[in-house]
file final12.pdb (PDB, C-alpha atoms)
ATOM      1  CA  MET R  30     109.153  81.864  71.655
ATOM      2  CA  GLU R  31     112.164  79.684  72.377
ATOM      3  CA  SER R  32     113.868  82.359  74.496
ATOM      4  CA  GLY R  33     111.789  81.668  77.592
ATOM      5  CA  LEU R  34     110.350  85.201  77.469
ATOM      6  CA  MET R  35     106.743  83.976  77.513
ATOM      7  CA  GLU R  36     107.446  81.714  80.477
ATOM      8  CA  THR R  37     109.018  84.491  82.586
ATOM      9  CA  TYR R  38     106.050  86.740  81.696
ATOM     10  CA  VAL R  39     103.437  84.141  82.640
ATOM     11  CA  MET R  40     105.302  83.270  85.835
ATOM     12  CA  GLY R  41     105.147  86.957  86.815
ATOM     13  CA  ILE R  42     108.910  87.543  87.086
ATOM     14  CA  ALA R  43     109.470  89.462  83.836
ATOM     15  CA  THR R  44     111.316  92.772  84.104
ATOM     16  CA  GLU R  45     109.579  95.961  82.965
ATOM     17  CA  GLU R  46     111.549  95.830  79.705
ATOM     18  CA  GLU R  47     110.477  92.213  79.105
ATOM     19  CA  VAL R  48     106.833  93.037  79.860
ATOM     20  CA  GLN R  49     106.934  95.830  77.277
ATOM     21  CA  LYS R  50     108.510  93.457  74.768
ATOM     22  CA  VAL R  51     105.816  90.821  75.378
ATOM     23  CA  LEU R  52     103.022  93.382  75.020
ATOM     24  CA  SER R  53     104.554  94.681  71.824
ATOM     25  CA  LEU R  54     104.981  91.168  70.338
ATOM     26  CA  LYS R  55     101.446  90.265  71.402
ATOM     27  CA  LYS R  56     100.146  93.271  69.505
ATOM     28  CA  GLU R  57     102.241  92.668  66.395
ATOM     29  CA  TYR R  58     102.101  88.898  65.998
ATOM     30  CA  PRO R  59      98.787  86.999  66.362
ATOM     31  CA  ALA R  60     100.708  83.704  66.554
ATOM     32  CA  PHE R  61     102.643  85.010  69.587
ATOM     33  CA  LYS R  62      99.374  86.177  71.173
ATOM     34  CA  ASP R  63      97.785  82.732  70.642
ATOM     35  CA  ALA R  64     100.830  80.948  72.058
ATOM     36  CA  LEU R  65     100.858  83.248  75.104
ATOM     37  CA  GLU R  66      97.159  82.693  75.792
ATOM     38  CA  GLN R  67      97.625  78.944  75.408
ATOM     39  CA  LEU R  68     100.512  79.051  77.901
ATOM     40  CA  GLU R  69      98.415  81.072  80.368
ATOM     41  CA  TYR R  70      95.595  78.560  80.003
ATOM     42  CA  ASP R  71      97.995  75.647  80.505
ATOM     43  CA  MET R  72      99.373  77.280  83.654
ATOM     44  CA  GLU R  73      95.838  77.465  84.986
ATOM     45  CA  VAL R  74      95.258  73.796  84.120
ATOM     46  CA  LEU R  75      98.534  73.005  85.886
ATOM     47  CA  ALA R  76      97.368  74.925  88.961
ATOM     48  CA  GLN R  77      94.083  72.991  88.877
ATOM     49  CA  SER R  78      96.005  69.717  88.789
ATOM     50  CA  MET R  79      97.931  70.833  91.890
ATOM     51  CA  GLY R  80      94.764  72.132  93.584
ATOM     52  CA  ILE R  81      93.560  70.966  96.999
ATOM     53  CA  GLU R  82      89.905  70.802  97.964
ATOM     54  CA  PRO R  83      89.298  73.442 100.672
ATOM     55  CA  PRO R  84      87.600  72.492 103.959
ATOM     56  CA  VAL R  85      83.788  72.614 103.854
ATOM     57  CA  ASP R  86      83.462  75.639 106.141
ATOM     58  CA  ALA R  87      85.945  77.861 104.262
ATOM     59  CA  LEU R  88      83.302  79.489 102.026
ATOM     60  CA  ALA R  89      81.050  80.175 105.028
ATOM     61  CA  LYS R  90      83.987  81.834 106.838
ATOM     62  CA  ILE R  91      84.760  84.024 103.814
ATOM     63  CA  GLU R  92      81.096  85.011 103.379
ATOM     64  CA  LEU R  93      80.870  85.818 107.094
ATOM     65  CA  GLU R  94      83.980  88.020 106.906
ATOM     66  CA  ILE R  95      82.686  89.784 103.790
ATOM     67  CA  ASN R  96      79.279  90.374 105.396
ATOM     68  CA  GLU R  97      80.962  91.757 108.510
ATOM     69  CA  ILE R  98      83.094  94.143 106.418
ATOM     70  CA  GLN R  99      80.020  95.208 104.423
ATOM     71  CA  ARG R 100      78.097  95.779 107.669
ATOM     72  CA  GLN R 101      80.958  97.897 109.080
ATOM     73  CA  ASN R 102      81.193  99.888 105.833
ATOM     74  CA  GLN R 103      77.457 100.536 105.915
ATOM     75  CA  ALA R 104      77.661 101.600 109.572
ATOM     76  CA  ILE R 105      80.505 104.006 108.769
ATOM     77  CA  GLN R 106      78.581 105.360 105.774
ATOM     78  CA  THR R 107      75.446 105.834 107.889
ATOM     79  CA  THR R 108      77.433 107.646 110.601
ATOM     80  CA  VAL R 109      79.082 109.926 108.052
ATOM     81  CA  GLU R 110      75.743 110.683 106.417
ATOM     82  CA  ALA R 111      74.109 111.321 109.806
ATOM     83  CA  GLU R 112      76.949 113.663 110.825
ATOM     84  CA  TYR R 113      76.684 115.511 107.528
ATOM     85  CA  SER R 114      72.921 115.793 107.902
ATOM     86  CA  TYR R 115      73.270 117.038 111.543
ATOM     87  CA  ASN R 116      75.878 119.649 110.569
ATOM     88  CA  LYS R 117      73.708 120.865 107.715
ATOM     89  CA  THR R 118      70.579 121.134 109.920
ATOM     90  CA  HIS R 119      72.589 122.738 112.730
ATOM     91  CA  GLN R 120      73.958 125.392 110.390
ATOM     92  CA  GLU R 121      70.518 126.085 108.936
ATOM     93  CA  ASN R 122      69.044 126.404 112.458
ATOM     94  CA  LYS R 123      71.820 128.775 113.439
ATOM     95  CA  ARG R 124      71.093 130.903 110.406
ATOM     96  CA  GLY R 125      67.360 130.969 111.322
ATOM     97  CA  LYS R 126      67.831 131.948 115.013
ATOM     98  CA  TYR R 127      70.316 134.744 114.674
ATOM     99  CA  ILE R 128      70.473 137.827 112.510
ATOM    100  CA  GLU R 129      73.899 138.426 111.109
ATOM    101  CA  VAL R 130      75.041 141.973 111.952
ATOM    102  CA  GLU R 131      77.945 143.724 110.359
ATOM    103  CA  SER R 132      79.670 145.409 113.297
ATOM    104  CA  GLU R 133      82.335 148.100 113.101
ATOM    105  CA  SER R 134      85.161 148.384 115.585
ATOM    106  CA  ASN R 135      85.210 151.547 117.770
ATOM    107  CA  GLN R 136      88.979 151.427 117.961
ATOM    108  CA  MET R 137      91.270 153.295 115.622
ATOM    109  CA  ARG R 138      94.775 152.530 114.590
ATOM    110  CA  VAL R 139      97.390 155.323 114.795
ATOM    111  CA  ASN R 140     100.931 155.311 113.557
ATOM    112  CA  LYS R 141     103.508 155.028 116.386
ATOM    113  CA  ALA R 142     105.243 158.250 115.214
ATOM    114  CA  TRP R 143     102.277 160.236 116.509
ATOM    115  CA  LYS R 144     103.158 159.226 120.108
ATOM    116  CA  TRP R 145     105.765 162.022 120.494
ATOM    117  CA  ALA R 146     103.377 164.580 119.013
ATOM    118  CA  PHE R 147     100.728 163.592 121.549
ATOM    119  CA  ILE R 148     103.278 163.849 124.414
ATOM    120  CA  ALA R 149     104.391 167.299 123.208
ATOM    121  CA  VAL R 150     100.777 168.499 122.980
ATOM    122  CA  PHE R 151     100.101 167.132 126.503
ATOM    123  CA  VAL R 152     103.193 168.857 128.031
ATOM    124  CA  LEU R 153     102.455 172.184 126.258
ATOM    125  CA  GLY R 154      98.854 171.940 127.483
ATOM    126  CA  LYS R 155     100.095 171.612 131.080
ATOM    127  CA  ILE R 156     102.477 174.606 130.663
ATOM    128  CA  PHE R 157      99.665 176.751 129.211
ATOM    129  CA  LEU R 158      97.399 175.692 132.084
ATOM    130  CA  ALA R 159     100.066 176.671 134.656
ATOM    131  CA  PHE R 160     100.543 180.073 132.946
ATOM    132  CA  ALA R 161      96.776 180.590 132.842
ATOM    133  CA  ILE R 162      96.465 179.890 136.604
ATOM    134  CA  TYR R 163      99.452 182.119 137.356
ATOM    135  CA  PHE R 164      98.115 185.058 135.343
ATOM    136  CA  TYR R 165      94.622 184.559 136.765
ATOM    137  CA  LEU R 166      95.946 184.781 140.348
ATOM    138  CA  GLU R 167      98.181 187.709 139.413
ATOM    139  CA  ASN R 168      95.252 189.514 137.832
ATOM    140  CA  ARG R 169      93.048 188.905 140.903
ATOM    141  CA  GLN R 170      95.777 190.222 143.180
ATOM    142  CA  VAL R 171      96.216 193.330 141.023
ATOM    143  CA  LYS R 172      92.460 193.898 141.081
ATOM    144  CA  GLU R 173      92.366 193.636 144.882
ATOM    145  CA  GLN R 174      95.268 196.100 145.244
ATOM    146  CA  LEU R 175      93.547 198.449 142.863
ATOM    147  CA  GLN R 176      90.358 198.227 144.899
ATOM    148  CA  GLU R 177      92.301 198.986 148.101
ATOM    149  CA  LEU R 178      93.956 201.963 146.451
ATOM    150  CA  LYS R 179      90.610 203.305 145.327
ATOM    151  CA  ILE R 180      89.257 203.009 148.885
ATOM    152  CA  GLU R 181      92.325 204.811 150.312
ATOM    153  CA  LEU R 182      92.001 207.555 147.732
ATOM    154  CA  LYS R 183      88.329 208.113 148.553
ATOM    155  CA  GLN R 184      89.099 208.321 152.288
ATOM    156  CA  LYS R 185      91.830 210.899 151.608
ATOM    157  CA  ILE R 186      89.499 213.021 149.472
ATOM    158  CA  ARG R 187      86.936 213.121 152.313
TER     159      ARG R 187
ATOM    160  CA  MET V  25     101.619  93.483  86.566
ATOM    161  CA  PHE V  26      99.121  93.052  89.352
ATOM    162  CA  LYS V  27      96.580  95.844  89.634
ATOM    163  CA  ALA V  28      94.352  96.397  92.668
ATOM    164  CA  VAL V  29      91.166  97.941  91.330
ATOM    165  CA  SER V  30      88.879  99.137  94.085
ATOM    166  CA  ASN V  31      87.694  98.284  97.557
ATOM    167  CA  ASN V  32      84.034  99.141  97.256
ATOM    168  CA  LEU V  33      83.056  95.522  98.008
ATOM    169  CA  SER V  34      80.430  95.481  95.329
ATOM    170  CA  ALA V  35      80.693  91.702  94.744
ATOM    171  CA  GLU V  36      77.374  89.882  94.830
ATOM    172  CA  PRO V  37      77.103  86.647  96.893
ATOM    173  CA  LYS V  38      76.668  84.606  93.690
ATOM    174  CA  ASP V  39      79.855  86.155  92.253
ATOM    175  CA  ILE V  40      81.718  85.293  95.446
ATOM    176  CA  ARG V  41      80.491  81.702  95.255
ATOM    177  CA  TRP V  42      81.458  81.451  91.572
ATOM    178  CA  PHE V  43      84.889  82.876  92.337
ATOM    179  CA  TYR V  44      85.366  80.511  95.264
ATOM    180  CA  ASP V  45      84.337  77.408  93.304
ATOM    181  CA  GLN V  46      86.645  78.411  90.475
ATOM    182  CA  TYR V  47      89.773  79.449  92.318
ATOM    183  CA  ALA V  48      89.741  78.283  95.964
ATOM    184  CA  PRO V  49      91.156  74.754  95.260
ATOM    185  CA  MET V  50      93.855  76.165  92.961
ATOM    186  CA  LEU V  51      94.741  78.857  95.473
ATOM    187  CA  LEU V  52      94.851  76.439  98.382
ATOM    188  CA  GLY V  53      97.189  74.190  96.397
ATOM    189  CA  TYR V  54      99.341  77.197  95.592
ATOM    190  CA  ILE V  55      99.398  78.472  99.191
ATOM    191  CA  ASN V  56     100.228  74.995 100.449
ATOM    192  CA  GLY V  57     103.152  74.934  98.032
ATOM    193  CA  ILE V  58     104.486  78.065  99.720
ATOM    194  CA  VAL V  59     103.538  77.459 103.367
ATOM    195  CA  GLN V  60     103.829  73.642 103.314
ATOM    196  CA  ASP V  61     101.409  73.235 106.221
ATOM    197  CA  GLN V  62      97.821  72.172 105.582
ATOM    198  CA  GLN V  63      96.205  73.930 108.554
ATOM    199  CA  LYS V  64      98.114  77.187 108.075
ATOM    200  CA  SER V  65      97.352  77.066 104.332
ATOM    201  CA  GLU V  66      93.611  76.803 105.013
ATOM    202  CA  ASP V  67      93.784  79.779 107.391
ATOM    203  CA  HIS V  68      95.714  81.809 104.812
ATOM    204  CA  LEU V  69      93.198  80.815 102.119
ATOM    205  CA  VAL V  70      90.317  82.418 104.036
ATOM    206  CA  VAL V  71      92.317  85.568 104.800
ATOM    207  CA  ILE V  72      93.690  85.977 101.271
ATOM    208  CA  LEU V  73      90.407  85.286  99.464
ATOM    209  CA  THR V  74      88.512  87.684 101.754
ATOM    210  CA  SER V  75      91.140  90.343 101.260
ATOM    211  CA  TYR V  76      91.224  89.814  97.466
ATOM    212  CA  ILE V  77      87.433  90.035  97.174
ATOM    213  CA  LYS V  78      87.570  93.200  99.313
ATOM    214  CA  ASP V  79      90.411  94.841  97.345
ATOM    215  CA  VAL V  80      89.809  93.737  93.782
ATOM    216  CA  ALA V  81      86.638  93.820  91.722
ATOM    217  CA  ILE V  82      85.723  90.242  90.809
ATOM    218  CA  LEU V  83      83.748  90.107  87.624
ATOM    219  CA  PRO V  84      82.823  86.757  86.006
ATOM    220  CA  GLU V  85      83.058  88.285  82.540
ATOM    221  CA  LYS V  86      86.684  89.360  83.130
ATOM    222  CA  SER V  87      89.308  87.292  81.300
ATOM    223  CA  ARG V  88      89.756  84.128  83.375
ATOM    224  CA  LEU V  89      93.442  83.838  82.560
ATOM    225  CA  ASN V  90      94.215  87.240  84.007
ATOM    226  CA  ILE V  91      92.308  86.438  87.188
ATOM    227  CA  TRP V  92      94.475  83.458  88.072
ATOM    228  CA  LEU V  93      97.721  85.307  87.296
ATOM    229  CA  GLU V  94      96.571  88.273  89.413
ATOM    230  CA  LEU V  95      95.313  86.078  92.235
ATOM    231  CA  ARG V  96      98.562  84.122  92.325
ATOM    232  CA  GLN V  97     100.646  87.305  92.508
ATOM    233  CA  TYR V  98      98.293  88.741  95.100
ATOM    234  CA  ALA V  99      98.666  85.631  97.287
ATOM    235  CA  GLN V 100     102.437  85.782  96.856
ATOM    236  CA  SER V 101     102.475  89.424  97.996
ATOM    237  CA  LYS V 102     100.492  88.455 101.119
ATOM    238  CA  LEU V 103     102.841  85.627 102.009
ATOM    239  CA  THR V 104     106.105  87.538 101.999
ATOM    240  CA  LEU V 105     106.942  86.040 105.389
ATOM    241  CA  TYR V 106     107.332  82.699 103.636
ATOM    242  CA  THR V 107     108.464  83.840 100.189
ATOM    243  CA  ALA V 108     111.317  85.912 101.620
ATOM    244  CA  LYS V 109     113.036  82.692 102.675
ATOM    245  CA  ASP V 110     114.651  80.318 100.218
ATOM    246  CA  HIS V 111     112.138  77.692  99.204
ATOM    247  CA  GLN V 112     112.739  74.331 100.856
ATOM    248  CA  LEU V 113     110.680  71.785  98.972
ATOM    249  CA  ASN V 114     109.547  69.024 101.282
ATOM    250  CA  LEU V 115     109.465  65.994  99.030
ATOM    251  CA  ASN V 116     108.096  63.766 101.768
ATOM    252  CA  GLN V 117     104.973  65.819 102.386
ATOM    253  CA  SER V 118     101.653  64.011 102.049
ATOM    254  CA  VAL V 119     100.328  66.619  99.627
ATOM    255  CA  ASP V 120     100.287  65.525  96.001
ATOM    256  CA  ASN V 121     102.945  67.475  94.109
ATOM    257  CA  GLY V 122     101.075  66.857  90.867
ATOM    258  CA  ARG V 123     103.248  67.185  87.819
ATOM    259  CA  LEU V 124     106.222  68.502  89.796
ATOM    260  CA  ASP V 125     107.318  64.871  90.127
ATOM    261  CA  LEU V 126     108.035  64.850  86.388
ATOM    262  CA  LEU V 127     110.855  67.358  86.840
ATOM    263  CA  ASP V 128     114.466  66.619  87.697
ATOM    264  CA  ASP V 129     115.906  68.206  90.845
ATOM    265  CA  LEU V 130     117.335  71.316  89.173
ATOM    266  CA  GLN V 131     114.149  71.951  87.195
ATOM    267  CA  LYS V 132     112.030  71.399  90.304
ATOM    268  CA  ARG V 133     114.211  73.820  92.278
ATOM    269  CA  ILE V 134     114.014  76.500  89.588
ATOM    270  CA  PHE V 135     110.296  76.061  88.931
ATOM    271  CA  CYS V 136     109.342  76.132  92.648
ATOM    272  CA  ALA V 137     111.572  79.127  93.387
ATOM    273  CA  VAL V 138     109.947  81.080  90.551
ATOM    274  CA  TYR V 139     106.372  79.810  90.815
ATOM    275  CA  TYR V 140     105.942  79.825  94.592
ATOM    276  CA  HIS V 141     108.502  82.376  95.745
ATOM    277  CA  GLY V 142     108.670  84.762  92.790
ATOM    278  CA  LYS V 143     112.471  84.581  92.607
ATOM    279  CA  THR V 144     113.959  86.317  89.595
ATOM    280  CA  ILE V 145     116.113  84.775  86.891
ATOM    281  CA  GLN V 146     119.039  86.954  88.012
ATOM    282  CA  TYR V 147     118.689  85.814  91.633
ATOM    283  CA  LEU V 148     118.560  82.139  90.654
ATOM    284  CA  ALA V 149     121.526  82.488  88.302
ATOM    285  CA  ALA V 150     123.562  83.967  91.146
ATOM    286  CA  THR V 151     122.345  81.425  93.732
ATOM    287  CA  ILE V 152     122.651  78.280  91.638
ATOM    288  CA  GLY V 153     125.748  79.402  89.797
ATOM    289  CA  CYS V 154     124.460  79.059  86.220
ATOM    290  CA  ASN V 155     124.090  81.769  83.627
ATOM    291  CA  GLU V 156     120.719  83.437  83.125
ATOM    292  CA  SER V 157     119.999  81.821  79.764
ATOM    293  CA  GLU V 158     120.470  78.372  81.319
ATOM    294  CA  ILE V 159     117.976  79.235  84.075
ATOM    295  CA  ARG V 160     115.482  80.515  81.472
ATOM    296  CA  ASN V 161     115.972  77.382  79.432
ATOM    297  CA  GLN V 162     115.445  75.076  82.434
ATOM    298  CA  LEU V 163     112.330  76.979  83.419
ATOM    299  CA  ARG V 164     110.928  76.681  79.894
ATOM    300  CA  LEU V 165     111.759  72.967  79.770
ATOM    301  CA  SER V 166     110.110  72.308  83.129
ATOM    302  CA  ILE V 167     106.908  74.054  82.029
ATOM    303  CA  ASP V 168     106.982  72.199  78.686
ATOM    304  CA  LYS V 169     107.353  68.851  80.500
ATOM    305  CA  MET V 170     104.323  69.513  82.679
ATOM    306  CA  ARG V 171     102.275  70.837  79.749
ATOM    307  CA  ARG V 172     103.047  67.768  77.681
ATOM    308  CA  ALA V 173     101.931  65.577  80.573
ATOM    309  CA  SER V 174      98.580  67.339  80.447
ATOM    310  CA  GLY V 175      98.316  66.477  76.753
ATOM    311  CA  ASN V 176      99.046  70.042  75.477
TER     312      ASN V 176
END

call {"tool": "encode", "arguments": {"input": "final12.pdb", "output": "structure tokens"}}
result
Amino acid sequence: MESGLMETYVMGIATEEEVQKVLSLKKEYPAFKDALEQLEYDMEVLAQSMGIEPPVDALAKIELEINEIQRQNQAIQTTVEAEYSYNKTHQENKRGKYIEVESESNQMRVNKAWKWAFIAVFVLGKIFLAFAIYFYLENRQVKEQLQELKIELKQKIR
Amino acid sequence: MFKAVSNNLSAEPKDIRWFYDQYAPMLLGYINGIVQDQQKSEDHLVVILTSYIKDVAILPEKSRLNIWLELRQYAQSKLTLYTAKDHQLNLNQSVDNGRLDLLDDLQKRIFCAVYYHGKTIQYLAATIGCNESEIRNQLRLSIDKMRRASGN
């Protein structure tokens, strides 16, 4: 009690270690606790003795400020609630107007390696088409020649 | 040590009035000790009390001793512009210094630096050029002197 520990604690400048020490002593020793509470009370009495009467309108100013803050808080709360309520109603309306459909994509994904296979198939297709046209024309020409030969042969037989 | 509790502004008007009647004169005296200007102190009083009521739950049933300690530290934290400077005690000011007049110059310097500006023992020891135990001792003696004058 003579170390000045209580005074530094009550004055609010005790280090964390000193605060822990005070709390521990307060718990362990009722006499220390009583002395500390008495010192705290005396500091309050001291503050009262050094008090100054505030101007008459100070309380009104404080109450006005508090009311203004409360009014702003209420306005913010009302806006938040209104926004929440609008969002909720809007979502419910949306759900009511539209039917949710599970759509499937008509696209398919193919591995890039297949690109060369597709090119090969395309080129081979063109080659086969060219051969087919060639043999078709060749066949038609052969048929015409054969027809001409048949006509010549008939004329010779007559 | 100081704990801000909540800012839900749940204080009733009667609680605010009780709190004001109880602590406004003490706080104004304390602020004036820091600011040393009557008009500025009154302006700070309104701002600090409003802010405290907004930030901290004020409950009449709460331990009264803790309230004053918390309020004092709260005010100090809001007046860092003044508390950051070294305290220059104006002995010629018209404001009543109360029991501070009982202290000698060194005790007054130590008490005011700690009480109004929250200066630590280590800081004062380095500034004044005494060892820490001497500063602690002078602080204890100054508080004892003022307590005895109150009849405690």

call {"tool": "interface_residues", "arguments": {"input": "final12.pdb", "of": "chain V", "to": "chain R", "cutoff": "9 Å", "atoms": "all atoms listed in the file", "output": "PDB file with C-alpha atoms, in the frame of the given file"}}
result
ATOM      1  CA  MET V  25     101.619  93.483  86.566  1.00  0.00           C
ATOM      2  CA  PHE V  26      99.121  93.052  89.352  1.00  0.00           C
ATOM      3  CA  LEU V  33      83.056  95.522  98.008  1.00  0.00           C
ATOM      4  CA  PRO V  37      77.103  86.647  96.893  1.00  0.00           C
ATOM      5  CA  ILE V  40      81.718  85.293  95.446  1.00  0.00           C
ATOM      6  CA  ARG V  41      80.491  81.702  95.255  1.00  0.00           C
ATOM      7  CA  TYR V  44      85.366  80.511  95.264  1.00  0.00           C
ATOM      8  CA  TYR V  47      89.773  79.449  92.318  1.00  0.00           C
ATOM      9  CA  ALA V  48      89.741  78.283  95.964  1.00  0.00           C
ATOM     10  CA  PRO V  49      91.156  74.754  95.260  1.00  0.00           C
ATOM     11  CA  MET V  50      93.855  76.165  92.961  1.00  0.00           C
ATOM     12  CA  LEU V  51      94.741  78.857  95.473  1.00  0.00           C
ATOM     13  CA  LEU V  52      94.851  76.439  98.382  1.00  0.00           C
ATOM     14  CA  GLY V  53      97.189  74.190  96.397  1.00  0.00           C
ATOM     15  CA  TYR V  54      99.341  77.197  95.592  1.00  0.00           C
ATOM     16  CA  ASN V  56     100.228  74.995 100.449  1.00  0.00           C
ATOM     17  CA  GLU V  66      93.611  76.803 105.013  1.00  0.00           C
ATOM     18  CA  ASP V  67      93.784  79.779 107.391  1.00  0.00           C
ATOM     19  CA  LEU V  69      93.198  80.815 102.119  1.00  0.00           C
ATOM     20  CA  VAL V  70      90.317  82.418 104.036  1.00  0.00           C
ATOM     21  CA  VAL V  71      92.317  85.568 104.800  1.00  0.00           C
ATOM     22  CA  LEU V  73      90.407  85.286  99.464  1.00  0.00           C
ATOM     23  CA  THR V  74      88.512  87.684 101.754  1.00  0.00           C
ATOM     24  CA  SER V  75      91.140  90.343 101.260  1.00  0.00           C
ATOM     25  CA  ILE V  77      87.433  90.035  97.174  1.00  0.00           C
ATOM     26  CA  LYS V  78      87.570  93.200  99.313  1.00  0.00           C
ATOM     27  CA  ARG V  88      89.756  84.128  83.375  1.00  0.00           C
ATOM     28  CA  LEU V  89      93.442  83.838  82.560  1.00  0.00           C
ATOM     29  CA  ASN V  90      94.215  87.240  84.007  1.00  0.00           C
ATOM     30  CA  TRP V  92      94.475  83.458  88.072  1.00  0.00           C
ATOM     31  CA  LEU V  93      97.721  85.307  87.296  1.00  0.00           C
ATOM     32  CA  GLN V  97     100.646  87.305  92.508  1.00  0.00           C
ATOM     33  CA  VAL V 119     100.328  66.619  99.627  1.00  0.00           C
ATOM     34  CA  ASP V 120     100.287  65.525  96.001  1.00  0.00           C
ATOM     35  CA  ASN V 121     102.945  67.475  94.109  1.00  0.00           C
ATOM     36  CA  GLY V 122     101.075  66.857  90.867  1.00  0.00           C
ATOM     37  CA  ARG V 123     103.248  67.185  87.819  1.00  0.00           C
ATOM     38  CA  LEU V 124     106.222  68.502  89.796  1.00  0.00           C
ATOM     39  CA  VAL V 138     109.947  81.080  90.551  1.00  0.00           C
ATOM     40  CA  TYR V 139     106.372  79.810  90.815  1.00  0.00           C
ATOM     41  CA  GLY V 142     108.670  84.762  92.790  1.00  0.00           C
ATOM     42  CA  LYS V 143     112.471  84.581  92.607  1.00  0.00           C
ATOM     43  CA  THR V 144     113.959  86.317  89.595  1.00  0.00           C
ATOM     44  CA  ILE V 145     116.113  84.775  86.891  1.00  0.00           C
ATOM     45  CA  SER V 157     119.999  81.821  79.764  1.00  0.00           C
ATOM     46  CA  ARG V 160     115.482  80.515  81.472  1.00  0.00           C
ATOM     47  CA  ASN V 161     115.972  77.382  79.432  1.00  0.00           C
ATOM     48  CA  GLN V 162     115.445  75.076  82.434  1.00  0.00           C
ATOM     49  CA  LEU V 163     112.330  76.979  83.419  1.00  0.00           C
ATOM     50  CA  ARG V 164     110.928  76.681  79.894  1.00  0.00           C
ATOM     51  CA  LEU V 165     111.759  72.967  79.770  1.00  0.00           C
ATOM     52  CA  ILE V 167     106.908  74.054  82.029  1.00  0.00           C
ATOM     53  CA  MET V 170     104.323  69.513  82.679  1.00  0.00           C
ATOM     54  CA  ARG V 171     102.275  70.837  79.749  1.00  0.00           C
ATOM     55  CA  SER V 174      98.580  67.339  80.447  1.00  0.00           C
ATOM     56  CA  ASN V 176      99.046  70.042  75.477  1.00  0.00           C
TER      57      ASN V 176
END

call {"tool": "axis_aligned_box", "arguments": {"input": "final12.pdb", "around": "region 167-184 of chain R", "padding_each_side": "3 Å", "output": "JSON"}}
result
{"center_x": 93.3, "center_y": 198.0, "center_z": 145.1, "size_x": 15.9, "size_y": 26.6, "size_z": 20.5}

call {"tool": "atom_distance", "arguments": {"input": "final12.pdb", "atom1": "CA of Glu46 (chain R)", "atom2": "CA of Leu65 (chain R)"}}
result
17.1 Å

call {"tool": "closest_residue", "arguments": {"input": "final12.pdb", "among": "V:Tyr106, V:Ile152, V:Glu94, V:Lys38", "to": "Lys64 (chain V)", "atoms": "all atoms listed in the file"}}
result
V:Tyr106
